Amino acid sequence: MGEPARRRVEPTEDGPVLLYGPVDVVLPDGRRVHSDRPVTALCTCRRSRRYPICDTSHRRPARRTRSEEQDADRPADRSTVPRTDPAG
Ligand code: FES
């Protein structure tokens, strides 16, 4: 019996992890996703509609959460702006 075949795993700068060779991806809930592709792009942003396989959704700008949208719509907090006293 020989040594097991070496697999190559290649994280990308801001996207998926590339897995070379056929792989079985086991998800936290126990589901298995099998890929026979020569290279499988494993989603790390969790925005893929085909999760755990990357569908390039990581290239689109991230959606803001509702609280982030509310914060952006809120007027700036001026309580930290120093007040000038006209009386001196
Ligand atoms: S890494 Fe590409 S869609 Fe998530």
# chains A, B, ... in the order shown; residues from 1 in each chain; ligands from 1
call {"tool": "residues_near_ligand", "arguments": {"ligand": "ligand 1", "cutoff": "12 Å", "atoms": "only C-alpha atoms and all ligand atoms", "output": "ChimeraX atom specification"}}
result
/A:11-18,40-62
call {"tool": "residues_around", "arguments": {"residues": "A:Pro38", "least_positions_apart": "2", "cutoff": "7 Å", "atoms": "only C-alpha atoms", "output": "MDAnalysis selection string"}}
result
chainID A and resid 20:22 36 40
call {"tool": "atom_distance", "arguments": {"atom1": "atom CA of A:Arg32", "atom2": "atom CA of A:Glu3"}}
result
24.8 Å
call {"tool": "atom_distance", "arguments": {"atom1": "atom CA of A:Arg7", "atom2": "atom CA of A:Val33"}}
result
17.2 Å
call {"tool": "closest_residue", "arguments": {"among": "A:Arg66, A:Arg6, A:Arg37, A:Arg74", "to": "A:Asp24", "atoms": "only C-alpha atoms"}}
result
A:Arg37
